[in-house]
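Below you'll find the structure, written out as structure tokens, and then a few comments.
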Amino acid sequence: MTASDLWHLVFGRLGLHSLPFWDMIQHPTENHIINGIIATGAASVVVIGALVTVFLITKYRKWGVLWFDWLTSVDHKKIGIMYIVLAFVMLARALIEAVLMRTQQADGLNGGFLSADHFAQLFSTHGTIMIFFMAMPFLTGLINFVMPQQIGARDVSFPMMNSISLGLTAAGAGLVMISLVLGKFETGGWTAYPPYTEAAFSPGPGVDYWIWAITLSSIGTTMTGINFAVTIYKKRAPGMTLFRMPLFTWTALCTAILMIFAMPPLTAVTLMLALDRYLDFHFFTNDLGGNMMNYANLFWLFGHPEVYILILPAFGVYSEVFATFSGKRLYGYTSLVYATMAIAVLSFTVWLHHFFTMGQSANINAVFGLMTMVIGIPTGVKIYDWLLTMYRGRVRLTVPLIYALGFSVLFVVGGLSGVLLANPSIDFQVHNSLFLVAHFHNMLIPGLLFGMLAGYHFWFPKAIGFRLDERWGRIAAFLWIGGFVLAFFPLYVLGLLGMTRRTVSYFDPAYTPWMLVAEVGALVLTAALTALVIQLVVSIRDRKANAVPVGDPWDGRSLEWAVAAPSPEWNFSAIPTVTDRDPFMVAKGHHTAYQAPPRYEDIPMPTNSAMGMVLCLAGGFLGFGLVWHMWWLALLSAVAIPVAVIVKSFDTRTERIIPADEVRRQHEAWLARAREATPIDRRHETAPENRGLADTTIAEAST
Ligand SMILES: [Cu+2]
């Protein structure tokens, strides 16, 4: 056996050429050097970032805290927070990539500074990350944190599975990050359509990185969907009928059902592509009986419902935000619920609008075009309900409401451009142009990101115990909204001018002015994210002044506001009984909100489990081994997964009892804090005096 054979046995196809600066050294042309420096810089950020994190954790001796209090925790609140931290980290990377792409295209007339291959990696990772490792973790984290508390539960139905879902998602995100350092990511966009992504045309590790990152996260998300749906069906507090559930929980339920039905086609299609690539199957190869249309169908059978997996939870956040900051009951609750269900069902009937131009008959296109337009109806219903919720309400223009208002205007514009695109004849004209890119960013930034940010501001005090800085919050909100308009409205024009998407350079000088505006927009969006970082730093500095230990800073309506902030580990000292749609608001009206329960009981809580982290590592190494053809590593990791599950199944210590005395001690301390706090009038809720006790002497605005 030669040294080279041994190398291949151990490291597979990994080699010096996998390092980001190798091209630059081998072929030191100007273009290679520029692209090499950017790639090496990005890789250094990942490596140095990881080293600094390890150093800081070691220096402050936080390994124990990190492991025992966070990574192995099965507490739905902590898992939710970890999901959101992951989402923010990934958001930063994908936003930087967006700025690079905008800068490239602003100079696209002269060819720009990026190579076509590098540019293609950028739009592929940007899309993959934004959908699977920013949007999905953000909404999963928010639902995880909020939903069990809204339904009066102590945790989700399957707490350990929850931790495993997080582990698999993190493993997928890890693979995308590692692809910056070792090898290259794929260049076929976030959809990775074959035959281009088949081994014959994309032989490197890039597509394999995509396949395994997506497979891991899609399996995690399927389990998340099952977990959320079962939790909502089985763990609601007594009296909380389905039609007393808060709207956010309703959207969580519909999203969970969509996850259960939409994620498996994705897992199937990535695994089929893997079989094509690794074992010479011919599912999508266009020869030997393969047909890439099957890929397009399966992918979008996931992909369109995915749009609503992303948007429905944001609709839920907006519903809570409009009602709370208008000081009114939600207008049209029942119609909002039915609209949500209608959107969820209809979302499975429109997938073909993603490939109107791929050659099916005009009649089929017409059916899918009409179904697509039908979805606009329930969505329109929601907009009217939200506006009518504000009508004659006592509206407070807080940060979450600013996002909600920005959303209301911008989402209607995006929706209208969607109705345009739903016409197959129009779609043929603007197909594959920047008009489409403008449209879906117009849906997903106001419709998902603004919703998640509104939710972040709304529930942050509940999760962490203090309010976020209001001033920086406003600055960030206006930067997001303004930056969005600047960055994406020009893309509508460019699309109509005929500029195709995913193009590294162009020949028409008419594009450049619009591209420059979009570039400014991208920089404003970067400033927006920076403002959020500053806000967090400022808020942590002022945490004492902005603490809201009583737990109800916004005069909330649903059960999550009825406990301390941060919530106790067991959420509710006694499981509440629900008699109304706005249970906490009713309790405050009856002066029963801050009372001791008749008696305290021992509370069983799930014990910590390392399974999430074990499967995160095993799944991550399995993916890494498969990407680089390190078969021994793949085999070891693949065996480790069932072994870990079997070993864990012998563990019978899955419950830990919190003694009634401990529950009483914490609950009484909280009640004492509520007695000492000054009730705060809604007009002064952003003042430092707000300790989380709402002044309820002013009657509710009429409904
Ligand atoms: Cu669609």
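Going by the structure tokens order, chains are called A, B, ..., each with residues numbered from 1, while ligands are numbered from 1 in the order shown.
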
Please identify all protein, DNA and RNA residues within 12 Å of ligand 1, counting only C-alpha atoms and all ligand atoms, and report them as a ChimeraX atom specification. /A:297,299-309,343,346-356,368-369,371-373,375,415,418-419,421-422,436,439-440,443

Now that the selection is made, can you save its residues with N, CA, C and O atoms as a short mmCIF file (atom, residue, chain, number, x, y, z; two decimals), in the first residue's frame?
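What landed in again_36.cif:
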data_model
loop_
_atom_site.label_atom_id
_atom_site.label_comp_id
_atom_site.auth_asym_id
_atom_site.auth_seq_id
_atom_site.Cartn_x
_atom_site.Cartn_y
_atom_site.Cartn_z
N ASN A 297 -40.96 17.92 -9.29
CA ASN A 297 -42.24 17.68 -8.62
C ASN A 297 -42.07 17.40 -7.14
O ASN A 297 -42.74 17.99 -6.30
N PHE A 299 -39.48 18.05 -5.21
CA PHE A 299 -38.89 19.17 -4.48
C PHE A 299 -39.94 20.23 -4.17
O PHE A 299 -40.03 20.73 -3.04
N TRP A 300 -40.79 20.55 -5.16
CA TRP A 300 -41.75 21.62 -4.90
C TRP A 300 -42.98 21.14 -4.17
O TRP A 300 -43.74 21.94 -3.61
N LEU A 301 -43.17 19.82 -4.13
CA LEU A 301 -44.22 19.28 -3.25
C LEU A 301 -43.85 19.60 -1.80
O LEU A 301 -44.71 19.80 -0.95
N PHE A 302 -42.55 19.64 -1.54
CA PHE A 302 -42.08 20.21 -0.28
C PHE A 302 -42.05 21.74 -0.36
O PHE A 302 -42.53 22.43 0.53
N GLY A 303 -41.51 22.25 -1.46
CA GLY A 303 -41.11 23.65 -1.51
C GLY A 303 -42.23 24.64 -1.38
O GLY A 303 -42.09 25.68 -0.73
N HIS A 304 -43.39 24.35 -1.99
CA HIS A 304 -44.44 25.34 -1.80
C HIS A 304 -45.04 25.34 -0.41
O HIS A 304 -45.11 26.39 0.22
N PRO A 305 -45.44 24.16 0.13
CA PRO A 305 -45.88 24.19 1.54
C PRO A 305 -44.85 24.83 2.46
O PRO A 305 -45.20 25.50 3.43
N GLU A 306 -43.58 24.65 2.12
CA GLU A 306 -42.51 25.27 2.92
C GLU A 306 -42.72 26.78 3.05
O GLU A 306 -42.49 27.36 4.11
N VAL A 307 -43.17 27.40 1.96
CA VAL A 307 -43.42 28.85 2.01
C VAL A 307 -44.37 29.15 3.18
O VAL A 307 -44.19 30.13 3.91
N TYR A 308 -45.38 28.30 3.35
CA TYR A 308 -46.36 28.57 4.41
C TYR A 308 -45.89 28.07 5.76
O TYR A 308 -46.30 28.60 6.79
N ILE A 309 -45.01 27.06 5.77
CA ILE A 309 -44.36 26.71 7.03
C ILE A 309 -43.65 27.95 7.56
O ILE A 309 -43.67 28.26 8.75
N ILE A 343 -55.21 28.16 4.08
CA ILE A 343 -53.89 28.35 3.45
C ILE A 343 -53.08 27.07 3.54
O ILE A 343 -52.44 26.64 2.58
N LEU A 346 -54.57 24.55 0.99
CA LEU A 346 -54.34 24.98 -0.39
C LEU A 346 -52.86 24.93 -0.76
O LEU A 346 -52.51 24.76 -1.93
N SER A 347 -51.98 25.06 0.22
CA SER A 347 -50.55 25.14 -0.09
C SER A 347 -50.05 23.86 -0.78
O SER A 347 -49.02 23.87 -1.42
N PHE A 348 -50.83 22.76 -0.63
CA PHE A 348 -50.41 21.52 -1.29
C PHE A 348 -50.94 21.40 -2.71
O PHE A 348 -50.71 20.39 -3.36
N THR A 349 -51.66 22.41 -3.19
CA THR A 349 -52.31 22.27 -4.50
C THR A 349 -51.72 23.21 -5.55
O THR A 349 -52.32 23.41 -6.59
N VAL A 350 -50.56 23.81 -5.27
CA VAL A 350 -50.08 24.85 -6.18
C VAL A 350 -48.63 24.67 -6.62
O VAL A 350 -48.09 25.51 -7.32
N TRP A 351 -48.00 23.53 -6.24
CA TRP A 351 -46.54 23.45 -6.38
C TRP A 351 -46.07 23.65 -7.82
O TRP A 351 -44.97 24.10 -8.06
N LEU A 352 -46.96 23.32 -8.78
CA LEU A 352 -46.50 23.35 -10.16
C LEU A 352 -46.20 24.76 -10.65
O LEU A 352 -45.52 24.94 -11.66
N HIS A 353 -46.67 25.80 -9.91
CA HIS A 353 -46.38 27.15 -10.40
C HIS A 353 -44.89 27.48 -10.34
O HIS A 353 -44.47 28.50 -10.84
N HIS A 354 -44.09 26.60 -9.73
CA HIS A 354 -42.65 26.81 -9.72
C HIS A 354 -41.99 26.37 -11.02
O HIS A 354 -40.81 26.63 -11.22
N PHE A 355 -42.74 25.67 -11.88
CA PHE A 355 -42.16 25.29 -13.18
C PHE A 355 -43.21 25.30 -14.28
O PHE A 355 -43.39 24.34 -15.01
N PHE A 356 -43.88 26.44 -14.39
CA PHE A 356 -44.84 26.64 -15.48
C PHE A 356 -44.20 26.44 -16.85
O PHE A 356 -44.86 26.06 -17.80
N PHE A 368 -53.20 25.11 -11.98
CA PHE A 368 -52.31 25.50 -10.88
C PHE A 368 -52.24 27.02 -10.73
O PHE A 368 -52.09 27.52 -9.62
N GLY A 369 -52.38 27.73 -11.85
CA GLY A 369 -52.40 29.19 -11.76
C GLY A 369 -53.61 29.67 -10.98
O GLY A 369 -53.50 30.53 -10.09
N MET A 371 -55.41 27.93 -8.74
CA MET A 371 -55.29 27.56 -7.33
C MET A 371 -54.37 28.54 -6.60
O MET A 371 -54.60 28.90 -5.45
N THR A 372 -53.32 28.97 -7.30
CA THR A 372 -52.39 29.91 -6.68
C THR A 372 -53.09 31.23 -6.35
O THR A 372 -52.91 31.78 -5.26
N MET A 373 -53.92 31.69 -7.27
CA MET A 373 -54.62 32.95 -7.01
C MET A 373 -55.61 32.79 -5.86
O MET A 373 -55.81 33.73 -5.08
N ILE A 375 -55.27 31.26 -3.14
CA ILE A 375 -54.61 31.44 -1.83
C ILE A 375 -54.62 32.91 -1.42
O ILE A 375 -54.59 33.23 -0.23
N GLY A 415 -47.73 40.26 -2.33
CA GLY A 415 -48.84 39.36 -2.68
C GLY A 415 -49.38 39.68 -4.06
O GLY A 415 -49.66 38.78 -4.85
N GLY A 418 -47.29 38.35 -6.58
CA GLY A 418 -47.49 36.91 -6.65
C GLY A 418 -48.70 36.54 -7.49
O GLY A 418 -48.67 35.57 -8.25
N VAL A 419 -49.78 37.34 -7.37
CA VAL A 419 -50.96 37.07 -8.19
C VAL A 419 -50.61 37.26 -9.67
O VAL A 419 -51.07 36.53 -10.54
N LEU A 421 -47.61 36.73 -10.99
CA LEU A 421 -46.80 35.57 -11.39
C LEU A 421 -47.63 34.30 -11.51
O LEU A 421 -47.23 33.36 -12.19
N ALA A 422 -48.78 34.28 -10.82
CA ALA A 422 -49.63 33.09 -10.89
C ALA A 422 -50.24 32.91 -12.28
O ALA A 422 -50.71 31.83 -12.61
N LEU A 436 -38.90 37.65 -10.20
CA LEU A 436 -39.21 36.56 -9.27
C LEU A 436 -38.42 36.72 -7.98
O LEU A 436 -38.95 36.53 -6.87
N HIS A 439 -40.04 39.23 -6.00
CA HIS A 439 -41.30 38.73 -5.42
C HIS A 439 -41.06 37.90 -4.18
O HIS A 439 -41.65 38.13 -3.14
N PHE A 440 -40.19 36.89 -4.26
CA PHE A 440 -40.13 36.01 -3.08
C PHE A 440 -39.39 36.65 -1.91
O PHE A 440 -39.71 36.35 -0.75
N MET A 443 -42.04 38.53 -0.17
CA MET A 443 -42.88 37.72 0.72
C MET A 443 -42.11 37.34 1.98
O MET A 443 -42.64 37.39 3.08
#

Mind running region 100-131 of chain A against region 505-521 of chain A at 7 Å and telling me each contacting residue's nearest atom pair with the distance in Å (one decimal), counting only C-alpha atoms, chain and number ascending, as a Markdown table?
| residue | atom | partner | partner_atom | distance |
| --- | --- | --- | --- | --- |
| A:Arg102 | CA | A:Glu519 | CA | 5.3 |
| A:Thr103 | CA | A:Glu519 | CA | 6.1 |
| A:Gln105 | CA | A:Ser505 | CA | 6.4 |
| A:Ala106 | CA | A:Met515 | CA | 5.0 |
| A:Gly108 | CA | A:Ser505 | CA | 4.2 |
| A:Leu109 | CA | A:Tyr506 | CA | 5.3 |
| A:Gly111 | CA | A:Ser505 | CA | 5.3 |
| A:Gly112 | CA | A:Ser505 | CA | 7.0 |

Dump C-alpha atoms for the selected residues as a short mmCIF file (atom, residue, chain, number, x, y, z; two decimals), in the first residue's frame?
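Ended up saving to again.cif:
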data_model
loop_
_atom_site.label_atom_id
_atom_site.label_comp_id
_atom_site.auth_asym_id
_atom_site.auth_seq_id
_atom_site.Cartn_x
_atom_site.Cartn_y
_atom_site.Cartn_z
CA ARG A 102 -25.02 42.87 -4.67
CA THR A 103 -21.55 44.41 -4.84
CA GLN A 105 -23.68 42.84 -9.64
CA ALA A 106 -23.40 46.59 -9.02
CA GLY A 108 -21.53 43.51 -13.21
CA LEU A 109 -21.23 45.57 -16.40
CA GLY A 111 -17.41 41.86 -14.95
CA GLY A 112 -17.14 42.57 -11.25
#

Please run DSSP on the backbone and report, as a count of residues only, all residues within region 427-515 of chain A that come out as alpha helix (DSSP H). 63

Shell around Arg691 (chain A) at 8 Å using only C-alpha atoms, local window under 3 positions removed, as an MDAnalysis selection string: chainID A and resid 546:551 553 677:678 680 688

Writer output for current selection, all heavy atoms, as a CSV table (one decimal), in the first residue's frame:
chain,number,residue,atom,x,y,z
A,546,ASN,N,-34.1,47.6,33.0
A,546,ASN,CA,-35.2,47.2,32.1
A,546,ASN,C,-35.7,45.8,32.5
A,546,ASN,O,-36.5,45.2,31.8
A,546,ASN,CB,-34.7,47.1,30.6
A,546,ASN,CG,-34.5,48.5,30.1
A,546,ASN,OD1,-35.2,49.5,30.5
A,546,ASN,ND2,-33.5,48.6,29.2
A,547,ALA,N,-35.4,45.4,33.7
A,547,ALA,CA,-35.9,44.1,34.2
A,547,ALA,C,-37.4,44.1,34.4
A,547,ALA,O,-38.0,45.1,34.8
A,547,ALA,CB,-35.2,43.6,35.4
A,548,VAL,N,-38.0,43.0,34.0
A,548,VAL,CA,-39.5,42.9,34.2
A,548,VAL,C,-39.8,41.6,34.9
A,548,VAL,O,-40.5,40.7,34.3
A,548,VAL,CB,-40.2,42.9,32.8
A,548,VAL,CG1,-40.2,44.4,32.3
A,548,VAL,CG2,-39.6,42.0,31.8
A,549,PRO,N,-39.4,41.4,36.1
A,549,PRO,CA,-39.5,40.1,36.8
A,549,PRO,C,-40.9,39.6,37.0
A,549,PRO,O,-41.2,38.4,37.1
A,549,PRO,CB,-38.8,40.3,38.2
A,549,PRO,CG,-38.8,41.8,38.3
A,549,PRO,CD,-38.7,42.4,37.0
A,550,VAL,N,-41.9,40.6,37.1
A,550,VAL,CA,-43.3,40.1,37.3
A,550,VAL,C,-43.8,39.4,36.0
A,550,VAL,O,-44.6,38.5,36.1
A,550,VAL,CB,-44.2,41.3,37.7
A,550,VAL,CG1,-45.6,40.8,37.9
A,550,VAL,CG2,-43.6,42.0,38.9
A,551,GLY,N,-43.2,39.8,34.8
A,551,GLY,CA,-43.5,39.0,33.7
A,551,GLY,C,-44.5,39.4,32.7
A,551,GLY,O,-44.8,38.7,31.7
A,553,PRO,N,-44.9,42.6,30.7
A,553,PRO,CA,-44.5,44.0,30.4
A,553,PRO,C,-45.5,44.7,29.4
A,553,PRO,O,-45.5,45.9,29.3
A,553,PRO,CB,-43.1,43.9,29.7
A,553,PRO,CG,-43.1,42.5,29.2
A,553,PRO,CD,-43.9,41.6,30.1
A,677,ALA,N,-44.3,45.7,43.0
A,677,ALA,CA,-44.2,46.4,41.8
A,677,ALA,C,-45.3,47.4,41.6
A,677,ALA,O,-46.4,47.2,42.1
A,677,ALA,CB,-44.2,45.5,40.6
A,678,THR,N,-44.9,48.6,40.9
A,678,THR,CA,-45.9,49.6,40.6
A,678,THR,C,-46.6,49.2,39.3
A,678,THR,O,-45.9,49.0,38.3
A,678,THR,CB,-45.2,50.9,40.4
A,678,THR,OG1,-44.2,51.0,41.3
A,678,THR,CG2,-46.2,52.1,40.5
A,680,ILE,N,-48.1,49.6,35.8
A,680,ILE,CA,-47.6,50.5,34.9
A,680,ILE,C,-48.7,50.8,33.8
A,680,ILE,O,-49.3,49.8,33.3
A,680,ILE,CB,-46.3,50.1,34.2
A,680,ILE,CG1,-45.6,51.3,33.6
A,680,ILE,CG2,-46.4,49.0,33.3
A,680,ILE,CD1,-44.7,52.1,34.5
A,688,PRO,N,-38.5,53.0,32.3
A,688,PRO,CA,-37.7,52.1,33.2
A,688,PRO,C,-38.6,51.5,34.3
A,688,PRO,O,-38.3,50.5,34.9
A,688,PRO,CB,-36.6,52.9,33.7
A,688,PRO,CG,-36.5,54.1,32.8
A,688,PRO,CD,-37.9,54.3,32.2

Exercise: Ala564 (chain A) partners within 12 Å, only C-alpha atoms, chain neighbours under 2 positions left out, as a tab-separated table (two decimals) with C-alpha atoms, in the first residue's frame:
chain	number	residue	atom	x	y	z
A	149	GLN	CA	-46.55	28.26	27.61
A	461	PRO	CA	-38.45	39.90	28.07
A	462	LYS	CA	-40.31	36.67	28.85
A	463	ALA	CA	-37.34	34.54	27.83
A	464	ILE	CA	-34.48	36.54	29.32
A	465	GLY	CA	-36.12	38.71	31.98
A	466	PHE	CA	-35.52	42.23	30.67
A	547	ALA	CA	-35.88	44.05	34.15
A	548	VAL	CA	-39.49	42.87	34.15
A	549	PRO	CA	-39.49	40.11	36.80
A	550	VAL	CA	-43.26	40.12	37.26
A	551	GLY	CA	-43.47	38.96	33.67
A	552	ASP	CA	-46.20	40.98	31.94
A	553	PRO	CA	-44.51	44.00	30.35
A	559	LEU	CA	-51.06	32.39	29.41
A	560	GLU	CA	-47.35	32.86	28.78
A	561	TRP	CA	-47.61	36.33	30.37
A	562	ALA	CA	-49.17	34.89	33.52
A	566	PRO	CA	-37.82	34.46	32.90
A	567	SER	CA	-40.41	31.70	33.25
A	568	PRO	CA	-39.75	29.07	35.92
A	569	GLU	CA	-38.45	25.79	34.53
A	570	TRP	CA	-41.88	24.17	35.08
A	571	ASN	CA	-43.71	27.18	33.56
A	572	PHE	CA	-46.82	26.91	35.78
A	573	SER	CA	-46.78	26.25	39.51
A	593	ALA	CA	-53.97	36.88	38.12
A	594	TYR	CA	-51.53	37.01	41.02
A	666	GLN	CA	-40.23	30.40	43.89
A	667	HIS	CA	-43.92	31.11	43.41
A	668	GLU	CA	-44.18	33.08	46.64
A	669	ALA	CA	-41.08	35.08	45.82
A	670	TRP	CA	-42.69	35.99	42.50
A	671	LEU	CA	-45.99	36.94	44.17
A	672	ALA	CA	-44.07	39.16	46.58
A	673	ARG	CA	-42.36	40.88	43.65
A	674	ALA	CA	-45.74	41.41	41.99
A	691	ARG	CA	-41.37	45.85	36.11
A	692	GLY	CA	-43.84	43.70	34.22
A	693	LEU	CA	-47.01	44.51	36.16

Leaving out region 9-24 of chain A and any residue of its chain fewer than 4 positions from it, which residues lie within 7 Å of it when counting only C-alpha atoms, given as a ChimeraX atom specification? /A:5,28,32-33,36,39-40,181-183,628-630

Find the spatial neighbours of region 249-262 of chain A, counting only C-alpha atoms, within a cut-off of 8 Å - ignore same-chain residues fewer than 3 positions away - and output them as a VMD selection string. chain A and resid 143 147 150 to 151 221 to 226 228 to 229 232 245 to 246 265 to 266 301 to 303 305 to 306 308 to 310 312 to 313 315 to 316 337 340 to 341 344

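Here CA of Val647 (chain A) and CA of Gly612 (chain A) stand 13.8 Å from one another.
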
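If only C-alpha atoms are the atoms counted, then among A:Met160, A:Ala476, A:Leu397, A:Phe407 the closest residue to Glu655 (chain A) is A:Met160.
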
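Nearest to Arg396 (chain A) of all the residues A:His591, A:His118, A:Arg543, A:His684 is A:His684, based on only C-alpha atoms.
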
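The space separating CA of Met499 (chain A) from CA of Phe201 (chain A) comes to 25.6 Å.
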
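Minimum atom-to-atom distances from A:Asp155, A:Asn31, A:Ala610, A:Leu525 to Phe488 (chain A) were compared using only C-alpha atoms, and the lowest value belongs to A:Leu525.
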